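The next block is protein-v6.pdb, given as PDB, C-alpha atoms.
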```
MODEL        1
ATOM      1  CA  MET F   1       0.000   0.000   0.000
ATOM      2  CA  LYS F   2       1.536   3.300  -1.128
ATOM      3  CA  ASN F   3      -0.644   5.552   1.045
ATOM      4  CA  THR F   4       0.333   4.229   4.471
ATOM      5  CA  ASN F   5      -0.049   7.641   6.126
ATOM      6  CA  ILE F   6      -3.743   7.903   5.235
ATOM      7  CA  ASP F   7      -6.409   6.813   7.733
ATOM      8  CA  MET F   8      -8.561   4.556   5.577
ATOM      9  CA  LYS F   9     -11.253   4.082   8.230
ATOM     10  CA  GLU F  10     -12.442   7.664   7.781
ATOM     11  CA  PHE F  11     -12.764   7.197   4.023
ATOM     12  CA  PHE F  12     -14.528   3.865   4.381
ATOM     13  CA  GLU F  13     -17.075   5.502   6.704
ATOM     14  CA  GLU F  14     -17.840   7.991   3.907
ATOM     15  CA  VAL F  15     -18.167   5.154   1.399
ATOM     16  CA  PHE F  16     -20.465   3.132   3.671
ATOM     17  CA  LYS F  17     -22.558   6.266   4.226
ATOM     18  CA  GLU F  18     -22.949   6.539   0.430
ATOM     19  CA  ALA F  19     -23.960   2.862   0.228
ATOM     20  CA  ARG F  20     -26.568   3.337   2.961
ATOM     21  CA  ASN F  21     -27.865   6.432   1.187
ATOM     22  CA  CYS F  22     -28.277   4.349  -1.954
ATOM     23  CA  ILE F  23     -30.335   1.809  -0.025
ATOM     24  CA  LYS F  24     -32.515   4.557   1.453
ATOM     25  CA  LEU F  25     -33.076   6.240  -1.922
ATOM     26  CA  LYS F  26     -33.492   2.930  -3.786
ATOM     27  CA  HIS F  27     -31.093   4.111  -6.492
ATOM     28  CA  GLY F  28     -29.426   0.727  -6.994
ATOM     29  CA  GLY F  29     -27.231  -1.834  -5.291
ATOM     30  CA  PRO F  30     -25.739  -1.187  -1.835
ATOM     31  CA  PHE F  31     -22.446   0.201  -3.098
ATOM     32  CA  GLY F  32     -20.503   3.369  -2.339
ATOM     33  CA  ALA F  33     -17.188   4.760  -3.561
ATOM     34  CA  ALA F  34     -14.890   7.743  -3.167
ATOM     35  CA  ILE F  35     -11.905   9.154  -5.013
ATOM     36  CA  VAL F  36      -9.192  10.425  -2.682
ATOM     37  CA  ARG F  37      -6.308  12.706  -3.630
ATOM     38  CA  ASN F  38      -3.638  13.934  -1.232
ATOM     39  CA  GLY F  39      -5.635  12.644   1.736
ATOM     40  CA  LYS F  40      -8.846  14.450   0.761
ATOM     41  CA  VAL F  41     -12.073  13.185  -0.788
ATOM     42  CA  ILE F  42     -12.346  14.620  -4.292
ATOM     43  CA  ALA F  43     -15.607  12.853  -5.164
ATOM     44  CA  LYS F  44     -17.969  10.330  -3.661
ATOM     45  CA  ALA F  45     -20.900   8.478  -5.143
ATOM     46  CA  HIS F  46     -23.221   5.533  -4.830
ATOM     47  CA  ASN F  47     -24.799   3.141  -7.295
ATOM     48  CA  THR F  48     -27.505   4.785  -9.426
ATOM     49  CA  VAL F  49     -28.315   1.974 -11.867
ATOM     50  CA  LEU F  50     -32.033   1.922 -10.973
ATOM     51  CA  ARG F  51     -32.449   5.678 -10.737
ATOM     52  CA  ASP F  52     -30.739   6.354 -14.064
ATOM     53  CA  ASN F  53     -31.783   3.179 -15.915
ATOM     54  CA  ASP F  54     -28.116   2.817 -16.823
ATOM     55  CA  PRO F  55     -26.151  -0.384 -16.123
ATOM     56  CA  THR F  56     -22.866   1.581 -16.077
ATOM     57  CA  CYS F  57     -23.832   3.762 -13.106
ATOM     58  CA  HIS F  58     -21.953   1.771 -10.493
ATOM     59  CA  ALA F  59     -20.632   3.676  -7.487
ATOM     60  CA  GLU F  60     -17.013   3.444  -8.627
ATOM     61  CA  VAL F  61     -17.741   4.661 -12.158
ATOM     62  CA  ASN F  62     -19.916   7.486 -10.817
ATOM     63  CA  ALA F  63     -17.144   8.564  -8.429
ATOM     64  CA  ILE F  64     -14.541   8.441 -11.207
ATOM     65  CA  ARG F  65     -16.793  10.530 -13.466
ATOM     66  CA  LYS F  66     -17.296  13.137 -10.737
ATOM     67  CA  ALA F  67     -13.570  13.309  -9.933
ATOM     68  CA  CYS F  68     -12.630  13.707 -13.600
ATOM     69  CA  LYS F  69     -15.136  16.543 -14.013
ATOM     70  CA  LYS F  70     -13.944  18.262 -10.853
ATOM     71  CA  LEU F  71     -10.256  17.944 -11.748
ATOM     72  CA  LYS F  72     -10.946  18.641 -15.453
ATOM     73  CA  ARG F  73      -8.906  15.666 -16.647
ATOM     74  CA  PHE F  74      -9.508  12.051 -17.594
ATOM     75  CA  HIS F  75      -6.533  10.490 -15.798
ATOM     76  CA  LEU F  76      -6.478  10.171 -12.036
ATOM     77  CA  GLU F  77      -2.924   8.887 -11.618
ATOM     78  CA  ASP F  78      -2.493  10.694  -8.293
ATOM     79  CA  CYS F  79      -5.781   9.441  -6.824
ATOM     80  CA  ILE F  80      -6.987   6.320  -5.075
ATOM     81  CA  LEU F  81     -10.375   4.642  -5.201
ATOM     82  CA  ILE F  82     -12.052   3.633  -1.957
ATOM     83  CA  ALA F  83     -14.902   1.198  -2.627
ATOM     84  CA  SER F  84     -17.328  -0.540  -0.328
ATOM     85  CA  SER F  85     -16.932  -3.784  -2.306
ATOM     86  CA  GLU F  86     -14.336  -5.305  -4.570
ATOM     87  CA  PRO F  87     -14.895  -3.638  -7.941
ATOM     88  CA  CYS F  88     -16.701  -5.598 -10.630
ATOM     89  CA  PRO F  89     -14.954  -6.157 -13.984
ATOM     90  CA  MET F  90     -16.424  -2.950 -15.459
ATOM     91  CA  CYS F  91     -15.389  -0.806 -12.496
ATOM     92  CA  LEU F  92     -11.955  -2.387 -12.373
ATOM     93  CA  THR F  93     -11.457  -1.739 -16.087
ATOM     94  CA  THR F  94     -12.657   1.856 -15.682
ATOM     95  CA  SER F  95     -10.113   2.249 -12.881
ATOM     96  CA  TYR F  96      -7.364   1.071 -15.217
ATOM     97  CA  TRP F  97      -8.463   3.545 -17.919
ATOM     98  CA  ALA F  98      -8.527   6.326 -15.315
ATOM     99  CA  GLN F  99      -4.988   5.266 -14.300
ATOM    100  CA  LEU F 100      -5.784   5.276 -10.593
ATOM    101  CA  LEU F 101      -2.875   4.872  -8.221
ATOM    102  CA  GLU F 102      -4.558   2.301  -5.962
ATOM    103  CA  ILE F 103      -7.885   0.684  -5.107
ATOM    104  CA  HIS F 104      -8.956  -0.155  -1.550
ATOM    105  CA  TYR F 105     -12.138  -2.090  -0.756
ATOM    106  CA  ALA F 106     -13.800  -3.557   2.336
ATOM    107  CA  ILE F 107     -15.928  -6.437   1.052
ATOM    108  CA  PRO F 108     -14.706  -9.236  -1.255
ATOM    109  CA  ARG F 109     -16.755 -10.058  -4.331
ATOM    110  CA  SER F 110     -17.713 -13.400  -2.780
ATOM    111  CA  VAL F 111     -19.890 -11.563  -0.229
ATOM    112  CA  ALA F 112     -21.620  -9.533  -2.953
ATOM    113  CA  ALA F 113     -22.163 -12.748  -4.924
ATOM    114  CA  LYS F 114     -23.994 -14.334  -1.969
ATOM    115  CA  VAL F 115     -26.738 -11.704  -2.255
ATOM    116  CA  GLY F 116     -26.952 -11.863  -6.060
ATOM    117  CA  PHE F 117     -24.229  -9.516  -7.329
ATOM    118  CA  ALA F 118     -22.187 -12.279  -8.987
ATOM    119  CA  ASP F 119     -19.509 -11.340 -11.506
ATOM    120  CA  ASP F 120     -17.450 -14.536 -11.730
ATOM    121  CA  PHE F 121     -19.211 -15.529 -14.945
ATOM    122  CA  ILE F 122     -17.698 -12.429 -16.606
ATOM    123  CA  TYR F 123     -14.162 -13.240 -15.461
ATOM    124  CA  LYS F 124     -14.591 -16.766 -16.840
ATOM    125  CA  ASP F 125     -16.259 -15.672 -20.062
ATOM    126  CA  ILE F 126     -13.560 -13.141 -21.006
ATOM    127  CA  LYS F 127     -11.005 -15.959 -21.098
ATOM    128  CA  LYS F 128     -12.907 -17.639 -23.941
ATOM    129  CA  ALA F 129     -12.378 -16.962 -27.635
ATOM    130  CA  PRO F 130     -14.482 -13.915 -28.607
ATOM    131  CA  HIS F 131     -16.944 -15.895 -30.745
ATOM    132  CA  LYS F 132     -17.529 -18.433 -27.928
ATOM    133  CA  ARG F 133     -18.544 -15.939 -25.234
ATOM    134  CA  LEU F 134     -22.030 -15.526 -23.776
ATOM    135  CA  ILE F 135     -22.338 -12.478 -25.997
ATOM    136  CA  PRO F 136     -20.409 -13.584 -29.077
ATOM    137  CA  LEU F 137     -18.141 -11.098 -30.808
ATOM    138  CA  PHE F 138     -17.773 -11.286 -34.579
ATOM    139  CA  MET F 139     -15.420  -9.161 -36.641
ATOM    140  CA  TYR F 140     -16.829  -8.046 -39.972
ATOM    141  CA  LYS F 141     -13.668  -8.816 -41.961
ATOM    142  CA  GLU F 142     -14.943  -7.288 -45.200
ATOM    143  CA  LEU F 143     -14.730  -3.803 -43.637
ATOM    144  CA  LYS F 144     -11.446  -4.196 -41.746
ATOM    145  CA  GLY F 145      -9.600  -1.969 -44.242
ATOM    146  CA  LYS F 146     -12.153   0.826 -43.963
ATOM    147  CA  GLY F 147     -11.955   0.642 -40.193
ATOM    148  CA  GLU F 148      -8.160   0.789 -40.278
ATOM    149  CA  LYS F 149      -8.392   3.878 -42.502
ATOM    150  CA  ILE F 150     -10.206   5.724 -39.713
ATOM    151  CA  PHE F 151      -7.253   5.061 -37.391
ATOM    152  CA  SER F 152      -4.853   6.364 -40.054
ATOM    153  CA  GLU F 153      -6.923   9.532 -40.411
ATOM    154  CA  TRP F 154      -6.856   9.985 -36.645
ATOM    155  CA  GLN F 155      -3.064   9.527 -36.526
ATOM    156  CA  LYS F 156      -2.547  12.092 -39.316
ATOM    157  CA  LYS F 157      -4.567  14.614 -37.271
ATOM    158  CA  ASN F 158      -2.347  13.870 -34.223
ATOM    159  CA  GLY F 159      -5.229  12.349 -32.302
ATOM    160  CA  ALA F 160      -4.724  12.404 -28.538
ATOM    161  CA  LEU F 161      -4.367   9.107 -26.708
ATOM    162  CA  TYR F 162      -6.237   8.639 -23.495
TER     163      TYR F 162
ENDMDL
END
```

What do you get writing this file as structure tokens?
Amino acid sequence: MKNTNIDMKEFFEEVFKEARNCIKLKHGGPFGAAIVRNGKVIAKAHNTVLRDNDPTCHAEVNAIRKACKKLKRFHLEDCILIASSEPCPMCLTTSYWAQLLEIHYAIPRSVAAKVGFADDFIYKDIKKAPHKRLIPLFMYKELKGKGEKIFSEWQKKNGALY
């Protein structure tokens, strides 16, 4: 753990408060998250999947979105994520894209799975060949060249990587 001088208990209390607020408001699953930078909460959020009718509105993703807006940047390399539960595959991947420094969580995914929030099938499915997954992926080979041309156009315009 890189942030040994930070009192995590205080941040977890904030995250659990968000999770309880989610339960009270019936916005989604009992999850809360916070983004912390230099020992201060930059953003906190809870799950809003039901409220927003959006399967991507997990607490972690919502907190990352808020922190990025507040800091006016899409990388959070100097921030840590505090999550009530072990992040699901989507939230973990979002954390990688945001380039977070660390992730800390209180509840393992096995506990969430016991009440119905099971993600192991995704971890297993991703290991399969794309066309053999639960949602099969098929590349339309006839248009591969046209698709590659778009990337060339982007490179010529000095497209920014994120």

Can you measure atom CA of F:Trp97 to atom CA of F:Lys156 for me? One decimal in Å is fine.
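Atom CA of F:Trp97 sits 23.8 Å away from atom CA of F:Lys156.
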
Find the residues of stretch 6-32 of chain F that sit at most 9 Å from stretch 60-83 of chain F; for each, write down the nearest two atoms and how far apart they are in Å, to one decimal. Count all atoms listed in the file. Sort by chain, then by number going up, and give it as JSON lines.
```
{"residue": "F:Met8", "atom": "CA", "partner": "F:Ile82", "partner_atom": "CA", "distance": 8.4}
{"residue": "F:Phe11", "atom": "CA", "partner": "F:Ile82", "partner_atom": "CA", "distance": 7.0}
{"residue": "F:Phe12", "atom": "CA", "partner": "F:Ile82", "partner_atom": "CA", "distance": 6.8}
{"residue": "F:Val15", "atom": "CA", "partner": "F:Ala83", "partner_atom": "CA", "distance": 6.5}
{"residue": "F:Phe16", "atom": "CA", "partner": "F:Ala83", "partner_atom": "CA", "distance": 8.6}
{"residue": "F:Phe31", "atom": "CA", "partner": "F:Ala83", "partner_atom": "CA", "distance": 7.6}
{"residue": "F:Gly32", "atom": "CA", "partner": "F:Ala83", "partner_atom": "CA", "distance": 6.0}
```

Can you give me, as a compact mmCIF listing (two decimals) with C-alpha atoms, in the coordinates of the input, the residues this file yields under the PyMOL selection byres ((chain F and resi 39) around 10)?
```txt
# COMPACT_ATOMS: atom_id res chain seq x y z
CA ASN F 3 -0.64 5.55 1.04
CA ASN F 5 -0.05 7.64 6.13
CA ILE F 6 -3.74 7.90 5.24
CA ASP F 7 -6.41 6.81 7.73
CA MET F 8 -8.56 4.56 5.58
CA PHE F 11 -12.76 7.20 4.02
CA ILE F 35 -11.90 9.15 -5.01
CA VAL F 36 -9.19 10.42 -2.68
CA ARG F 37 -6.31 12.71 -3.63
CA ASN F 38 -3.64 13.93 -1.23
CA LYS F 40 -8.85 14.45 0.76
CA VAL F 41 -12.07 13.18 -0.79
CA ILE F 42 -12.35 14.62 -4.29
CA CYS F 79 -5.78 9.44 -6.82
CA ILE F 80 -6.99 6.32 -5.08
```

Correct to one decimal, the distance atom CA of F:Thr48-atom CA of F:Leu25 is 9.5 Å

Work out how far atom CA of F:Asn47 is from atom CA of F:Arg20, in Å to one decimal.
10.4 Å

As a JSON list (two decimals), in the coordinates of the input, could you write out stretch 13-30 of chain F once it has been completed with N, CA, C and O atoms?
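Saved file selection-v9.json follows:
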```json
[["chain", "number", "residue", "atom", "x", "y", "z"],
["F", 13, "GLU", "N", -15.83, 5.03, 6.09],
["F", 13, "GLU", "CA", -17.08, 5.50, 6.70],
["F", 13, "GLU", "C", -17.87, 6.33, 5.70],
["F", 13, "GLU", "O", -19.09, 6.21, 5.61],
["F", 14, "GLU", "N", -17.18, 7.18, 4.94],
["F", 14, "GLU", "CA", -17.84, 7.99, 3.91],
["F", 14, "GLU", "C", -18.46, 7.09, 2.83],
["F", 14, "GLU", "O", -19.58, 7.33, 2.37],
["F", 15, "VAL", "N", -17.72, 6.08, 2.44],
["F", 15, "VAL", "CA", -18.17, 5.15, 1.40],
["F", 15, "VAL", "C", -19.38, 4.36, 1.89],
["F", 15, "VAL", "O", -20.35, 4.17, 1.16],
["F", 16, "PHE", "N", -19.33, 3.88, 3.11],
["F", 16, "PHE", "CA", -20.46, 3.13, 3.67],
["F", 16, "PHE", "C", -21.70, 4.04, 3.82],
["F", 16, "PHE", "O", -22.83, 3.60, 3.64],
["F", 17, "LYS", "N", -21.47, 5.30, 4.14],
["F", 17, "LYS", "CA", -22.56, 6.27, 4.23],
["F", 17, "LYS", "C", -23.23, 6.41, 2.85],
["F", 17, "LYS", "O", -24.46, 6.46, 2.76],
["F", 18, "GLU", "N", -22.42, 6.47, 1.80],
["F", 18, "GLU", "CA", -22.95, 6.54, 0.43],
["F", 18, "GLU", "C", -23.76, 5.28, 0.12],
["F", 18, "GLU", "O", -24.85, 5.37, -0.47],
["F", 19, "ALA", "N", -23.25, 4.12, 0.49],
["F", 19, "ALA", "CA", -23.96, 2.86, 0.23],
["F", 19, "ALA", "C", -25.31, 2.84, 0.95],
["F", 19, "ALA", "O", -26.32, 2.43, 0.38],
["F", 20, "ARG", "N", -25.31, 3.29, 2.20],
["F", 20, "ARG", "CA", -26.57, 3.34, 2.96],
["F", 20, "ARG", "C", -27.55, 4.34, 2.35],
["F", 20, "ARG", "O", -28.76, 4.10, 2.32],
["F", 21, "ASN", "N", -27.03, 5.44, 1.85],
["F", 21, "ASN", "CA", -27.86, 6.43, 1.19],
["F", 21, "ASN", "C", -28.50, 5.83, -0.06],
["F", 21, "ASN", "O", -29.68, 6.08, -0.36],
["F", 22, "CYS", "N", -27.76, 5.02, -0.77],
["F", 22, "CYS", "CA", -28.28, 4.35, -1.95],
["F", 22, "CYS", "C", -29.44, 3.42, -1.59],
["F", 22, "CYS", "O", -30.45, 3.40, -2.28],
["F", 23, "ILE", "N", -29.28, 2.71, -0.50],
["F", 23, "ILE", "CA", -30.34, 1.81, -0.02],
["F", 23, "ILE", "C", -31.59, 2.62, 0.30],
["F", 23, "ILE", "O", -32.70, 2.28, -0.12],
["F", 24, "LYS", "N", -31.39, 3.71, 1.04],
["F", 24, "LYS", "CA", -32.52, 4.56, 1.45],
["F", 24, "LYS", "C", -33.25, 5.14, 0.24],
["F", 24, "LYS", "O", -34.47, 5.15, 0.19],
["F", 25, "LEU", "N", -32.49, 5.60, -0.74],
["F", 25, "LEU", "CA", -33.08, 6.24, -1.92],
["F", 25, "LEU", "C", -33.54, 5.25, -2.99],
["F", 25, "LEU", "O", -34.20, 5.64, -3.95],
["F", 26, "LYS", "N", -33.16, 3.99, -2.82],
["F", 26, "LYS", "CA", -33.49, 2.93, -3.79],
["F", 26, "LYS", "C", -32.96, 3.25, -5.19],
["F", 26, "LYS", "O", -33.62, 3.03, -6.19],
["F", 27, "HIS", "N", -31.72, 3.76, -5.22],
["F", 27, "HIS", "CA", -31.09, 4.11, -6.49],
["F", 27, "HIS", "C", -30.43, 2.93, -7.18],
["F", 27, "HIS", "O", -30.14, 2.99, -8.37],
["F", 28, "GLY", "N", -30.12, 1.88, -6.42],
["F", 28, "GLY", "CA", -29.43, 0.73, -6.99],
["F", 28, "GLY", "C", -28.89, -0.17, -5.90],
["F", 28, "GLY", "O", -29.38, -0.17, -4.78],
["F", 29, "GLY", "N", -27.84, -0.91, -6.25],
["F", 29, "GLY", "CA", -27.23, -1.83, -5.29],
["F", 29, "GLY", "C", -26.55, -1.10, -4.14],
["F", 29, "GLY", "O", -26.24, 0.09, -4.25],
["F", 30, "PRO", "N", -26.28, -1.81, -3.05],
["F", 30, "PRO", "CA", -25.74, -1.19, -1.84],
["F", 30, "PRO", "C", -24.24, -0.91, -1.91],
["F", 30, "PRO", "O", -23.43, -1.47, -1.17]]
```
